[in-house]
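Just my_file21.cif here, mmCIF, C-alpha atoms:
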data_protein
#
loop_
_atom_site.label_atom_id
_atom_site.label_comp_id
_atom_site.auth_asym_id
_atom_site.auth_seq_id
_atom_site.Cartn_x
_atom_site.Cartn_y
_atom_site.Cartn_z
CA MET A 1 -135.19 89.98 -108.86
CA ASN A 2 -134.73 87.52 -111.71
CA SER A 3 -132.52 84.74 -110.34
CA LYS A 4 -131.19 83.86 -113.81
CA GLN A 5 -130.14 87.42 -114.59
CA LYS A 6 -126.47 87.99 -115.41
CA PHE A 7 -124.60 91.28 -115.64
CA GLN A 8 -121.60 92.77 -117.37
CA ARG A 9 -119.12 95.31 -116.09
CA ASN A 10 -118.99 98.69 -117.84
CA LYS A 11 -115.74 98.66 -119.81
CA ASN A 12 -114.91 102.27 -118.93
CA ILE A 13 -114.83 101.87 -115.18
CA VAL A 14 -111.76 101.56 -113.01
CA TYR A 15 -111.77 98.79 -110.39
CA ARG A 16 -109.27 99.06 -107.54
CA GLU A 17 -108.77 96.47 -104.82
CA GLU A 18 -107.56 97.20 -101.32
CA ASP A 19 -107.13 95.13 -98.16
CA ASP A 20 -110.50 96.09 -96.71
CA GLY A 21 -112.56 96.31 -99.90
CA ALA A 22 -112.51 97.85 -103.35
CA PHE A 23 -113.39 100.98 -105.34
CA LEU A 24 -115.31 101.45 -108.54
CA PHE A 25 -114.68 104.70 -110.37
CA ASN A 26 -116.00 106.00 -113.65
CA PRO A 27 -113.55 108.64 -114.94
CA GLU A 28 -116.14 110.03 -117.35
CA THR A 29 -119.01 110.59 -114.92
CA GLY A 30 -117.03 110.83 -111.68
CA ASN A 31 -119.27 108.16 -110.14
CA LEU A 32 -117.48 106.46 -107.28
CA LYS A 33 -118.40 103.53 -105.10
CA TYR A 34 -116.45 102.02 -102.25
CA MET A 35 -117.28 98.49 -101.24
CA ASN A 36 -116.44 96.44 -98.17
CA GLN A 37 -115.24 92.83 -98.45
CA SER A 38 -118.68 91.37 -99.05
CA GLY A 39 -119.48 93.99 -101.69
CA LYS A 40 -116.17 93.24 -103.36
CA LYS A 41 -116.93 89.49 -103.42
CA ALA A 42 -120.38 90.07 -104.89
CA PHE A 43 -119.09 92.49 -107.52
CA LEU A 44 -116.37 90.08 -108.64
CA MET A 45 -118.86 87.24 -109.00
CA LEU A 46 -121.23 89.46 -110.99
CA SER A 47 -118.30 90.58 -113.17
CA GLU A 48 -117.58 86.92 -113.90
CA GLN A 49 -121.15 86.79 -115.21
CA LYS A 50 -122.45 84.49 -112.52
CA ASP A 51 -126.20 84.81 -112.30
CA VAL A 52 -128.06 86.19 -109.32
CA LYS A 53 -128.87 82.75 -107.94
CA GLN A 54 -125.23 81.66 -108.07
CA VAL A 55 -124.11 84.86 -106.34
CA ILE A 56 -126.66 84.39 -103.56
CA ASN A 57 -125.67 80.77 -103.02
CA GLU A 58 -121.97 81.61 -102.88
CA MET A 59 -122.58 84.50 -100.51
CA LEU A 60 -124.56 82.14 -98.26
CA GLY A 61 -121.53 79.87 -98.25
CA HIS A 62 -119.24 82.76 -97.25
CA PHE A 63 -121.54 84.20 -94.60
CA ALA A 64 -123.09 81.20 -92.91
CA ASP A 65 -124.61 83.29 -90.10
CA VAL A 66 -126.66 85.46 -92.47
CA GLU A 67 -130.14 84.37 -93.55
CA ARG A 68 -131.03 84.04 -97.26
CA PRO A 69 -133.68 86.84 -97.25
CA GLN A 70 -131.12 89.25 -95.86
CA ILE A 71 -128.60 88.38 -98.58
CA GLU A 72 -131.28 88.64 -101.26
CA ASN A 73 -132.32 92.07 -100.02
CA ASP A 74 -128.74 93.31 -99.75
CA LEU A 75 -127.90 92.05 -103.24
CA GLU A 76 -130.97 93.67 -104.72
CA THR A 77 -130.02 97.05 -103.21
CA PHE A 78 -126.41 96.59 -104.30
CA LEU A 79 -127.39 95.74 -107.88
CA LYS A 80 -129.75 98.70 -108.08
CA GLU A 81 -126.97 101.06 -107.03
CA LEU A 82 -124.41 99.53 -109.40
CA GLN A 83 -126.79 99.86 -112.32
CA GLU A 84 -127.89 103.40 -111.44
CA ASN A 85 -124.25 104.45 -111.36
CA GLU A 86 -123.56 102.61 -114.62
CA PHE A 87 -120.96 100.28 -113.17
CA LEU A 88 -122.88 97.18 -114.29
CA SER A 89 -125.57 96.54 -116.86
CA PRO A 90 -127.83 93.51 -117.35
CA LEU A 91 -126.79 90.99 -119.95
CA ASN A 92 -129.61 90.21 -122.34
CA SER A 93 -130.47 86.54 -122.19
CA GLU A 94 -130.49 84.66 -125.52
CA MET B 95 -130.27 141.00 -108.10
CA ASP B 96 -131.09 140.18 -111.72
CA PRO B 97 -134.83 139.26 -111.68
CA SER B 98 -134.18 136.54 -114.27
CA PHE B 99 -131.94 134.78 -111.76
CA LYS B 100 -134.47 132.27 -110.46
CA GLU B 101 -132.87 128.99 -109.60
CA PRO B 102 -129.12 128.97 -109.14
CA ASP B 103 -127.24 125.93 -110.43
CA PHE B 104 -125.18 126.13 -107.27
CA ALA B 105 -127.02 126.71 -104.03
CA LEU B 106 -125.44 129.07 -101.54
CA ALA B 107 -125.95 126.48 -98.84
CA SER B 108 -123.84 128.06 -96.14
CA LEU B 109 -122.27 131.34 -95.06
CA TYR B 110 -119.07 131.16 -93.05
CA LEU B 111 -119.13 134.18 -90.77
CA TYR B 112 -115.74 135.29 -89.47
CA LEU B 113 -117.58 137.48 -87.00
CA THR B 114 -114.63 139.36 -85.61
CA ASP B 115 -110.95 139.79 -86.47
CA TYR B 116 -110.12 139.37 -82.78
CA CYS B 117 -109.53 136.41 -80.53
CA ASN B 118 -109.01 136.15 -76.78
CA LEU B 119 -106.38 133.42 -77.32
CA CYS B 120 -103.18 133.53 -79.30
CA CYS B 121 -102.81 130.02 -80.73
CA SER B 122 -99.50 129.06 -82.23
CA HIS B 123 -101.11 127.17 -85.12
CA CYS B 124 -103.92 129.53 -86.16
CA TRP B 125 -104.05 129.95 -89.94
CA ILE B 126 -106.34 133.00 -89.68
CA SER B 127 -104.00 134.82 -87.24
CA PRO B 128 -106.54 137.19 -85.65
CA LYS B 129 -105.58 140.12 -83.45
CA TYR B 130 -105.48 139.48 -79.70
CA SER B 131 -108.03 141.03 -77.36
CA GLN B 132 -109.91 140.05 -74.21
CA ASN B 133 -112.64 142.59 -74.94
CA HIS B 134 -115.83 142.15 -76.91
CA GLN B 135 -115.58 143.49 -80.46
CA LYS B 136 -117.92 145.09 -82.97
CA GLY B 137 -117.00 142.96 -86.02
CA ILE B 138 -119.48 142.55 -88.89
CA PRO B 139 -122.31 145.11 -88.61
CA LEU B 140 -125.32 143.13 -87.41
CA ALA B 141 -127.82 144.96 -89.61
CA SER B 142 -125.78 144.18 -92.74
CA LEU B 143 -125.40 140.60 -91.62
CA LYS B 144 -129.13 140.16 -91.16
CA LYS B 145 -129.77 141.68 -94.59
CA ALA B 146 -127.24 139.33 -96.18
CA ILE B 147 -128.74 136.28 -94.48
CA LEU B 148 -132.23 137.19 -95.66
CA GLU B 149 -130.89 137.78 -99.17
CA ALA B 150 -129.09 134.43 -99.12
CA LYS B 151 -132.14 132.39 -98.09
CA PRO B 152 -133.69 132.28 -101.58
CA LEU B 153 -130.26 131.29 -102.92
CA GLY B 154 -130.44 128.11 -100.86
CA LEU B 155 -129.04 129.16 -97.49
CA GLN B 156 -129.54 126.45 -94.90
CA SER B 157 -126.78 127.03 -92.39
CA VAL B 158 -124.21 129.48 -91.15
CA LYS B 159 -120.88 128.72 -89.55
CA LEU B 160 -119.93 131.15 -86.80
CA THR B 161 -116.21 131.44 -86.42
CA GLY B 162 -113.62 134.15 -86.16
CA GLY B 163 -111.42 135.07 -84.40
CA GLU B 164 -113.45 133.93 -81.47
CA PRO B 165 -117.17 134.14 -82.32
CA PHE B 166 -118.27 134.62 -78.70
CA LEU B 167 -116.14 137.78 -78.58
CA TYR B 168 -118.53 139.30 -81.12
CA GLU B 169 -120.49 142.03 -79.36
CA ASP B 170 -123.81 141.12 -81.01
CA ILE B 171 -123.53 137.35 -80.73
CA SER B 172 -126.70 136.96 -78.63
CA ASP B 173 -128.78 139.04 -81.03
CA LEU B 174 -127.35 137.19 -84.00
CA LEU B 175 -128.16 133.79 -82.46
CA ALA B 176 -131.71 134.96 -81.71
CA PHE B 177 -132.09 136.15 -85.31
CA LEU B 178 -130.79 132.87 -86.73
CA ALA B 179 -133.18 130.94 -84.47
CA SER B 180 -136.11 133.06 -85.66
CA GLU B 181 -135.12 132.47 -89.30
CA GLN B 182 -134.67 128.72 -88.67
CA ILE B 183 -131.15 128.76 -90.03
CA SER B 184 -129.06 125.94 -88.69
CA ILE B 185 -125.84 126.92 -86.95
CA LEU B 186 -122.33 125.52 -86.76
CA ILE B 187 -119.94 127.15 -84.32
CA GLU B 188 -116.16 126.93 -84.04
CA THR B 189 -115.01 128.31 -80.71
CA ASN B 190 -112.26 127.99 -78.13
CA GLY B 191 -115.03 127.50 -75.54
CA THR B 192 -113.55 129.90 -73.00
CA LEU B 193 -116.49 132.34 -73.11
CA ILE B 194 -119.32 129.82 -72.81
CA ASP B 195 -121.34 130.68 -69.72
CA ASN B 196 -124.83 129.92 -68.42
CA GLU B 197 -126.40 132.78 -70.35
CA MET B 198 -124.83 131.63 -73.63
CA VAL B 199 -125.87 128.03 -73.00
CA GLU B 200 -129.48 129.16 -72.58
CA ARG B 201 -129.24 131.13 -75.84
CA LEU B 202 -127.72 128.15 -77.67
CA LYS B 203 -130.50 125.87 -76.45
CA SER B 204 -133.02 127.94 -78.39
CA CYS B 205 -131.05 127.62 -81.66
CA ASP B 206 -131.01 124.97 -84.35
CA LEU B 207 -127.48 123.99 -83.40
CA ASP B 208 -126.08 121.61 -86.00
CA GLN B 209 -122.56 121.45 -84.63
CA LEU B 210 -120.61 123.09 -81.86
CA SER B 211 -116.88 122.50 -82.21
CA VAL B 212 -114.60 123.43 -79.35
CA SER B 213 -110.81 123.49 -79.61
CA LEU B 214 -108.88 121.49 -77.05
CA ASP B 215 -105.32 120.64 -77.98
CA ALA B 216 -104.21 118.58 -75.00
CA SER B 217 -105.42 116.77 -71.92
CA THR B 218 -103.14 118.83 -69.68
CA GLU B 219 -103.10 122.50 -68.82
CA ALA B 220 -99.39 122.89 -69.51
CA ILE B 221 -99.47 121.75 -73.16
CA HIS B 222 -102.84 123.29 -74.05
CA ASP B 223 -102.01 126.69 -72.54
CA ALA B 224 -98.59 126.70 -74.23
CA ILE B 225 -100.24 126.09 -77.64
CA ARG B 226 -103.06 128.55 -76.99
CA GLY B 227 -100.70 131.27 -75.79
CA VAL B 228 -102.84 132.32 -72.80
CA LYS B 229 -102.54 130.97 -69.29
CA GLY B 230 -105.80 129.65 -67.89
CA SER B 231 -107.30 128.79 -71.29
CA PHE B 232 -107.38 125.04 -70.55
CA LYS B 233 -109.33 125.61 -67.34
CA ASN B 234 -111.78 127.98 -69.04
CA THR B 235 -112.32 125.70 -72.04
CA VAL B 236 -112.90 122.62 -69.88
CA GLU B 237 -115.36 124.58 -67.73
CA GLY B 238 -117.19 125.63 -70.90
CA LEU B 239 -117.33 122.02 -72.07
CA GLU B 240 -118.61 120.84 -68.69
CA LEU B 241 -121.36 123.41 -68.89
CA LEU B 242 -122.39 122.22 -72.36
CA SER B 243 -122.36 118.64 -71.14
CA LYS B 244 -124.39 119.48 -68.04
CA HIS B 245 -127.08 121.09 -70.19
CA GLY B 246 -127.10 118.29 -72.76
CA LEU B 247 -125.82 120.41 -75.65
CA PRO B 248 -123.92 118.11 -78.03
CA PHE B 249 -120.42 119.18 -79.01
CA GLN B 250 -117.33 118.11 -80.90
CA ILE B 251 -113.78 118.61 -79.68
CA ILE B 252 -111.12 119.70 -82.18
CA MET B 253 -107.46 118.97 -81.56
CA THR B 254 -104.81 120.48 -83.81
CA LEU B 255 -101.93 118.12 -84.04
CA GLN B 256 -98.31 119.19 -83.79
CA ARG B 257 -95.10 117.80 -82.41
CA CYS B 258 -95.69 118.95 -78.84
CA ASN B 259 -99.08 117.23 -78.43
CA GLN B 260 -98.75 114.17 -80.68
CA GLN B 261 -98.16 111.86 -77.69
CA ASP B 262 -101.34 113.12 -76.08
CA ILE B 263 -103.88 111.72 -78.56
CA PRO B 264 -104.93 108.94 -76.14
CA GLY B 265 -105.16 111.54 -73.36
CA VAL B 266 -107.39 113.83 -75.43
CA ILE B 267 -109.54 110.86 -76.43
CA ARG B 268 -110.02 109.92 -72.76
CA LEU B 269 -110.76 113.54 -71.81
CA SER B 270 -113.24 113.88 -74.72
CA GLU B 271 -115.01 110.74 -73.52
CA SER B 272 -115.16 111.90 -69.93
CA LEU B 273 -116.49 115.32 -70.96
CA GLY B 274 -119.20 113.67 -73.06
CA ALA B 275 -118.10 114.86 -76.51
CA GLY B 276 -119.92 113.33 -79.47
CA SER B 277 -116.79 113.32 -81.59
CA LEU B 278 -113.15 114.31 -81.64
CA LYS B 279 -111.70 115.80 -84.80
CA ILE B 280 -107.92 115.74 -85.15
CA ASN B 281 -106.58 118.32 -87.59
CA PRO B 282 -103.06 118.41 -88.98
CA LEU B 283 -101.42 121.85 -89.05
CA ILE B 284 -102.37 124.12 -91.93
CA PRO B 285 -99.24 125.75 -93.35
CA TRP B 286 -100.65 129.26 -93.40
CA GLY B 287 -100.64 132.15 -90.95
CA ARG B 288 -99.08 131.10 -87.65
CA GLY B 289 -99.36 127.48 -88.72
CA LYS B 290 -96.75 128.13 -91.38
CA GLU B 291 -94.37 129.45 -88.72
CA GLU B 292 -94.91 126.24 -86.76
CA ILE B 293 -94.15 124.09 -89.77
CA ASP B 294 -91.14 126.21 -90.78
CA GLY B 295 -89.92 125.85 -87.20
CA LYS B 296 -90.15 122.04 -87.52
CA ARG B 297 -92.91 121.91 -84.93
CA GLY B 298 -95.26 120.18 -87.35
CA LEU B 299 -95.22 116.46 -88.04
CA GLU B 300 -93.59 114.68 -90.96
CA LEU B 301 -95.80 112.89 -93.50
CA GLU B 302 -94.91 109.43 -92.21
CA GLU B 303 -95.66 110.49 -88.65
CA LEU B 304 -99.11 111.73 -89.63
CA LEU B 305 -99.90 108.47 -91.41
CA ARG B 306 -98.67 106.45 -88.44
CA LEU B 307 -100.89 108.43 -86.07
CA TYR B 308 -103.87 108.13 -88.42
CA ARG B 309 -103.46 104.34 -88.49
CA MET B 310 -103.07 104.24 -84.72
CA VAL B 311 -106.31 106.21 -84.29
CA GLU B 312 -108.12 104.07 -86.85
CA LYS B 313 -107.51 100.96 -84.75
CA ARG B 314 -109.78 102.61 -82.16
CA ASP B 315 -107.94 100.78 -79.38
CA PHE B 316 -108.25 103.66 -76.93
CA LEU B 317 -111.99 104.02 -77.22
CA LYS B 318 -114.11 103.05 -74.26
CA ASN B 319 -117.43 104.25 -75.68
CA ASP B 320 -118.76 105.22 -79.09
CA LEU B 321 -116.82 108.48 -79.46
CA GLU B 322 -116.23 109.08 -83.17
CA VAL B 323 -112.62 110.09 -83.82
CA LEU B 324 -112.23 111.89 -87.14
CA PHE B 325 -108.65 112.28 -88.28
CA ASP B 326 -108.84 115.01 -90.87
CA LEU B 327 -106.65 113.67 -93.65
CA PRO B 328 -107.66 114.15 -97.29
CA VAL B 329 -110.07 111.46 -98.36
CA ALA B 330 -107.44 109.69 -100.50
CA PHE B 331 -105.65 108.55 -97.33
CA ARG B 332 -108.62 107.25 -95.42
CA SER B 333 -109.46 103.54 -95.29
CA ILE B 334 -112.57 102.11 -96.92
CA GLU B 335 -113.81 101.19 -93.44
CA ASN B 336 -113.39 104.85 -92.41
CA LEU B 337 -115.23 106.07 -95.52
CA LYS B 338 -118.07 103.64 -94.85
CA ARG B 339 -118.28 104.85 -91.26
CA THR B 340 -117.91 108.61 -91.67
CA GLY B 341 -118.54 109.37 -95.36
CA ILE B 342 -116.37 111.39 -97.70
CA ASN B 343 -117.20 114.85 -96.31
CA GLU B 344 -117.17 116.56 -99.67
CA CYS B 345 -115.61 119.97 -100.10
CA ARG B 346 -118.25 122.70 -99.94
CA ILE B 347 -116.34 125.36 -101.82
CA LEU B 348 -118.98 125.56 -104.56
CA ASN B 349 -121.74 126.16 -102.02
CA ILE B 350 -120.31 128.62 -99.51
CA LEU B 351 -119.27 132.23 -99.08
CA GLY B 352 -117.14 133.67 -96.31
CA ILE B 353 -117.86 137.01 -94.68
CA LEU B 354 -114.92 138.53 -92.87
CA GLY B 355 -114.93 140.65 -89.70
CA ASN B 356 -114.85 143.91 -91.68
CA GLY B 357 -117.75 142.78 -93.88
CA ASP B 358 -115.62 141.80 -96.85
CA ILE B 359 -116.91 138.80 -98.80
CA SER B 360 -114.50 136.07 -99.77
CA ILE B 361 -114.55 132.40 -100.79
CA CYS B 362 -113.90 131.66 -97.08
CA GLY B 363 -111.64 132.95 -94.29
CA ILE B 364 -108.65 133.00 -96.59
CA GLY B 365 -109.69 136.47 -97.75
CA GLN B 366 -108.36 137.69 -94.40
CA THR B 367 -104.82 137.39 -95.67
CA VAL B 368 -105.22 136.81 -99.43
CA HIS B 369 -106.94 139.97 -100.57
CA GLU B 370 -107.43 138.98 -104.21
CA LEU B 371 -109.90 136.30 -103.07
CA ARG B 372 -112.23 139.01 -101.76
CA MET B 373 -115.25 139.73 -103.94
CA GLY B 374 -116.97 142.68 -102.32
CA ASN B 375 -118.26 144.04 -99.03
CA LEU B 376 -121.47 143.31 -97.19
CA VAL B 377 -122.29 146.95 -96.62
CA ARG B 378 -122.08 148.12 -100.22
CA ASP B 379 -122.60 144.93 -102.28
CA SER B 380 -125.38 142.44 -102.73
CA ILE B 381 -124.73 138.81 -101.76
CA GLY B 382 -126.98 137.68 -104.62
CA GLU B 383 -125.10 139.76 -107.15
CA ILE B 384 -121.77 138.36 -105.97
CA TRP B 385 -123.05 134.80 -105.88
CA GLN B 386 -124.36 135.16 -109.41
CA ASN B 387 -121.63 137.21 -111.08
CA SER B 388 -118.33 136.96 -109.24
CA PRO B 389 -115.63 136.01 -111.78
CA ILE B 390 -113.86 133.95 -109.09
CA LEU B 391 -116.98 131.89 -108.36
CA LYS B 392 -117.84 131.51 -112.04
CA ASP B 393 -114.32 130.27 -112.70
CA LEU B 394 -114.46 127.77 -109.82
CA ARG B 395 -117.82 126.42 -110.98
CA ALA B 396 -116.59 125.96 -114.52
CA SER B 397 -113.22 124.51 -113.56
CA LEU B 398 -113.67 122.09 -110.67
CA PRO B 399 -112.62 119.36 -110.91
CA GLY B 400 -111.68 119.51 -114.60
CA ARG B 401 -108.75 121.93 -114.30
CA LEU B 402 -107.15 120.41 -111.21
CA LYS B 403 -103.44 119.77 -111.64
CA GLY B 404 -100.84 117.35 -110.31
CA ILE B 405 -101.98 114.41 -108.26
CA CYS B 406 -105.45 115.97 -107.82
CA ARG B 407 -106.01 115.59 -111.56
CA HIS B 408 -105.41 111.84 -111.32
CA CYS B 409 -107.10 111.12 -108.00
CA ILE B 410 -110.23 108.96 -108.11
CA PHE B 411 -111.86 111.20 -105.48
CA LYS B 412 -111.49 114.44 -107.42
CA PHE B 413 -115.19 114.76 -108.20
CA GLN B 414 -116.07 114.58 -104.52
CA CYS B 415 -112.99 116.12 -102.89
CA LEU B 416 -112.57 118.92 -105.50
CA GLY B 417 -108.90 119.16 -104.57
CA ALA B 418 -109.42 119.45 -100.81
CA CYS B 419 -108.85 123.06 -99.72
CA ARG B 420 -108.67 125.40 -102.74
CA ALA B 421 -108.20 128.43 -100.50
CA ILE B 422 -104.98 127.19 -98.89
CA THR B 423 -103.84 125.89 -102.27
CA TYR B 424 -104.20 129.38 -103.73
CA ALA B 425 -102.51 130.98 -100.74
CA LEU B 426 -99.52 128.68 -101.12
CA SER B 427 -99.23 128.62 -104.89
CA GLY B 428 -101.17 131.54 -106.38
CA ASP B 429 -103.08 129.00 -108.47
CA LEU B 430 -106.63 127.90 -107.62
CA TYR B 431 -106.12 124.64 -109.50
CA ALA B 432 -102.68 123.59 -108.26
CA PRO B 433 -102.56 120.22 -106.50
CA TYR B 434 -103.37 120.20 -102.81
CA PHE B 435 -100.01 120.58 -101.06
CA PHE B 436 -100.58 117.67 -98.71
CA CYS B 437 -101.51 115.12 -101.39
CA GLU B 438 -98.79 116.32 -103.76
CA LYS B 439 -96.14 115.99 -101.05
CA PHE B 440 -97.30 112.46 -100.32
CA PHE B 441 -97.30 111.64 -104.01
CA GLU B 442 -93.78 112.99 -104.48
CA ALA B 443 -92.63 110.97 -101.47
CA GLY B 444 -94.13 107.79 -102.97
CA LEU B 445 -96.69 107.62 -100.15
CA PHE B 446 -99.88 108.34 -102.12
CA PRO B 447 -101.93 105.11 -102.22
CA PRO B 448 -101.47 103.67 -105.74
CA SER B 449 -105.02 102.30 -105.75
CA ARG B 450 -106.38 105.83 -105.37
CA TYR B 451 -105.19 107.43 -108.60
CA ILE B 452 -105.24 106.71 -112.31
CA GLN B 453 -102.67 107.70 -114.90
#
Rewrite the structure from the file as structure tokens, please.
Amino acid sequence: MNSKQKFQRNKNIVYREEDDGAFLFNPETGNLKYMNQSGKKAFLMLSEQKDVKQVINEMLGHFADVERPQIENDLETFLKELQENEFLSPLNSE
Amino acid sequence: MDPSFKEPDFALASLYLYLTDYCNLCCSHCWISPKYSQNHQKGIPLASLKKAILEAKPLGLQSVKLTGGEPFLYEDISDLLAFLASEQISILIETNGTLIDNEMVERLKSCDLDQLSVSLDASTEAIHDAIRGVKGSFKNTVEGLELLSKHGLPFQIIMTLQRCNQQDIPGVIRLSESLGAGSLKINPLIPWGRGKEEIDGKRGLELEELLRLYRMVEKRDFLKNDLEVLFDLPVAFRSIENLKRTGINECRILNILGILGNGDISICGIGQTVHELRMGNLVRDSIGEIWQNSPILKDLRASLPGRLKGICRHCIFKFQCLGACRAITYALSGDLYAPYFFCEKFFEAGLFPPSRYIQ
């Protein structure tokens, strides 16, 4: 996972927040993802075009009892799923 | 079957077998409304059933659901279970549990039993027997459940919720735990068959009451062990935490066929009372031919979810939920693509979660 990588949100998707998490929905493909609070936090940071390293550091701040390797692994899986479902795509670095 | 029909776009993953039109109980909420009998019944001819199952295997058949009426009232149930075991077809059973005995438990042990769901509407004999319409049914069902538990056969308990048993949810949870159930499924009334009479008679629950009970159950305060309590509301009303825990449970309408007690083939059990949703008969027609060419099935495949109407059209779950139950929707409205009555009622009452639909 490239720690400098940034992402952008697909413009066509619908993002809906709820008390216990959030939904991503693509009305064209029907792809749907529901996220818990930590997924919601990570998605919002990625949407703000924070890079992978920044997201990991902020998540470590939020979840002090979770080790860095665990957060890195979880984020990698999360990013893979978001890209496969076309909710996010990598921003090309200049 | 057309020899060019090699790989169906839609697998016929499951057959729902309404083995007999008869039931040994007379439940006030039953949407199928079978005839009452304490005697074993002939039901679907076993030879035709075996032929259909073998024909369905290359179409993708993985499981059958045995229901009814009461499936254990079916005269050939033991032979059918043995056949399904030999064909390695996984089995789901919906039963009132009153006819489960040692012999049946031994037979079930040899099957690939995916789920065994047993109806239990209350933790007390008085309420359960009143709902089930036959005295002694509570005792017989609990004895059946104890037998399953004793032999280590996993089972689910199903409670159908109405006004007279709504206070008993904690009681049924405790009883489910003590009997060793793996899960408890709580179903709201279906407004069809005898269930419609219950709702018309104001014995069903109001929308707000259902939501209140769902939220109460979701807190999981009553649970002493890891019993999973599944409150069967459409997915649009379930919390994210619930979805994470139990999944969406997608509608299977595009991957199932129902076979009724007289051998008629329908989209599911609704064909019992809605005759235009029947597509043929097991004795004279080929399952493969129906699966491939039925105009009803072709229409459903081409139209779900795109032609859904009302709130279903706007719901963010429509690709997974496919409008919840299309059979009941058709029975109530005469339109396969009308909005699901439950969600539409909530939407009209301003109770549909705004985060769950798009304009």
8 Å contacts from chain B to chain A using only C-alpha atoms, as a list in words: Ser333, Ile334, Glu335, Leu337, Lys338, Ile410, Phe411, Lys412, Phe413, Ser449 and Arg450 of chain B
Residue IDs satisfying the PyMOL selection byres ((chain A and resi 61-77) around 10), as a ChimeraX atom specification: /A:1,3,38-39,41-43,52-53,55-60,78-82
Residue subset to file, keeping C-alpha atoms, as a compact mmCIF listing (two decimals), in the coordinates of the input:
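Output below, filename out29.txt:
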# COMPACT_ATOMS: atom_id res chain seq x y z
CA MET A 1 -135.19 89.98 -108.86
CA SER A 3 -132.52 84.74 -110.34
CA SER A 38 -118.68 91.37 -99.05
CA GLY A 39 -119.48 93.99 -101.69
CA LYS A 41 -116.93 89.49 -103.42
CA ALA A 42 -120.38 90.07 -104.89
CA PHE A 43 -119.09 92.49 -107.52
CA VAL A 52 -128.06 86.19 -109.32
CA LYS A 53 -128.87 82.75 -107.94
CA VAL A 55 -124.11 84.86 -106.34
CA ILE A 56 -126.66 84.39 -103.56
CA ASN A 57 -125.67 80.77 -103.02
CA GLU A 58 -121.97 81.61 -102.88
CA MET A 59 -122.58 84.50 -100.51
CA LEU A 60 -124.56 82.14 -98.26
CA PHE A 78 -126.41 96.59 -104.30
CA LEU A 79 -127.39 95.74 -107.88
CA LYS A 80 -129.75 98.70 -108.08
CA GLU A 81 -126.97 101.06 -107.03
CA LEU A 82 -124.41 99.53 -109.40
So what does the PyMOL selection byres ((chain B and resi 229) around 12) actually pick up in this one, as a ChimeraX atom specification? /B:118-121,192,219-228,230-235
Using the chain letters and residue numbers of this document, give as a PDB file with C-alpha atoms, keeping the file's coordinate frame the residues selected by the PyMOL selection byres ((chain B and resi 318-321) around 12).
ATOM      1  CA  PHE B 249    -120.420 119.180 -79.010  1.00  0.00           C
ATOM      2  CA  GLN B 250    -117.330 118.110 -80.900  1.00  0.00           C
ATOM      3  CA  ILE B 251    -113.780 118.610 -79.680  1.00  0.00           C
ATOM      4  CA  PRO B 264    -104.930 108.940 -76.140  1.00  0.00           C
ATOM      5  CA  VAL B 266    -107.390 113.830 -75.430  1.00  0.00           C
ATOM      6  CA  ILE B 267    -109.540 110.860 -76.430  1.00  0.00           C
ATOM      7  CA  ARG B 268    -110.020 109.920 -72.760  1.00  0.00           C
ATOM      8  CA  LEU B 269    -110.760 113.540 -71.810  1.00  0.00           C
ATOM      9  CA  SER B 270    -113.240 113.880 -74.720  1.00  0.00           C
ATOM     10  CA  GLU B 271    -115.010 110.740 -73.520  1.00  0.00           C
ATOM     11  CA  SER B 272    -115.160 111.900 -69.930  1.00  0.00           C
ATOM     12  CA  LEU B 273    -116.490 115.320 -70.960  1.00  0.00           C
ATOM     13  CA  GLY B 274    -119.200 113.670 -73.060  1.00  0.00           C
ATOM     14  CA  ALA B 275    -118.100 114.860 -76.510  1.00  0.00           C
ATOM     15  CA  GLY B 276    -119.920 113.330 -79.470  1.00  0.00           C
ATOM     16  CA  SER B 277    -116.790 113.320 -81.590  1.00  0.00           C
ATOM     17  CA  LEU B 278    -113.150 114.310 -81.640  1.00  0.00           C
ATOM     18  CA  LYS B 279    -111.700 115.800 -84.800  1.00  0.00           C
ATOM     19  CA  VAL B 311    -106.310 106.210 -84.290  1.00  0.00           C
ATOM     20  CA  ARG B 314    -109.780 102.610 -82.160  1.00  0.00           C
ATOM     21  CA  ASP B 315    -107.940 100.780 -79.380  1.00  0.00           C
ATOM     22  CA  PHE B 316    -108.250 103.660 -76.930  1.00  0.00           C
ATOM     23  CA  LEU B 317    -111.990 104.020 -77.220  1.00  0.00           C
ATOM     24  CA  GLU B 322    -116.230 109.080 -83.170  1.00  0.00           C
ATOM     25  CA  VAL B 323    -112.620 110.090 -83.820  1.00  0.00           C
ATOM     26  CA  LEU B 324    -112.230 111.890 -87.140  1.00  0.00           C
TER      27      LEU B 324
END
Would you mind reading off the distance between atom CA of B:Lys290 and atom CA of B:Ile194, one decimal, in Å?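 Atom CA of B:Lys290 sits 29.3 Å away from atom CA of B:Ile194.
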One-decimal distance in Å that lies between atom CA of B:Ile126 and atom CA of B:Pro165: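 So the two atoms, atom CA of B:Pro165 and atom CA of B:Ile126, lie 13.1 Å apart.
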Name the residues in contact with B:Ser184 at a cut-off of 10 Å, using only C-alpha atoms, excluding same-chain residues fewer than 6 positions from it; report them as a list in words. Ser108, Leu155, Gln156, Ser157, Val158, Lys159, Leu178, Cys205, Asp206, Leu207, Asp208 and Gln209 of chain B
Just want the 7 Å neighbourhood of A:Gln49, counted on all atoms listed in the file, with same-chain residues fewer than 6 positions away dropped. Output as an mmCIF file with C-alpha atoms, in the frame of the given file.
data_model
loop_
_atom_site.group_PDB
_atom_site.id
_atom_site.type_symbol
_atom_site.label_atom_id
_atom_site.label_comp_id
_atom_site.auth_asym_id
_atom_site.auth_seq_id
_atom_site.Cartn_x
_atom_site.Cartn_y
_atom_site.Cartn_z
ATOM 1 C CA LYS A 6 -126.470 87.990 -115.410
ATOM 2 C CA PHE A 7 -124.600 91.280 -115.640
ATOM 3 C CA GLN A 8 -121.600 92.770 -117.370
#
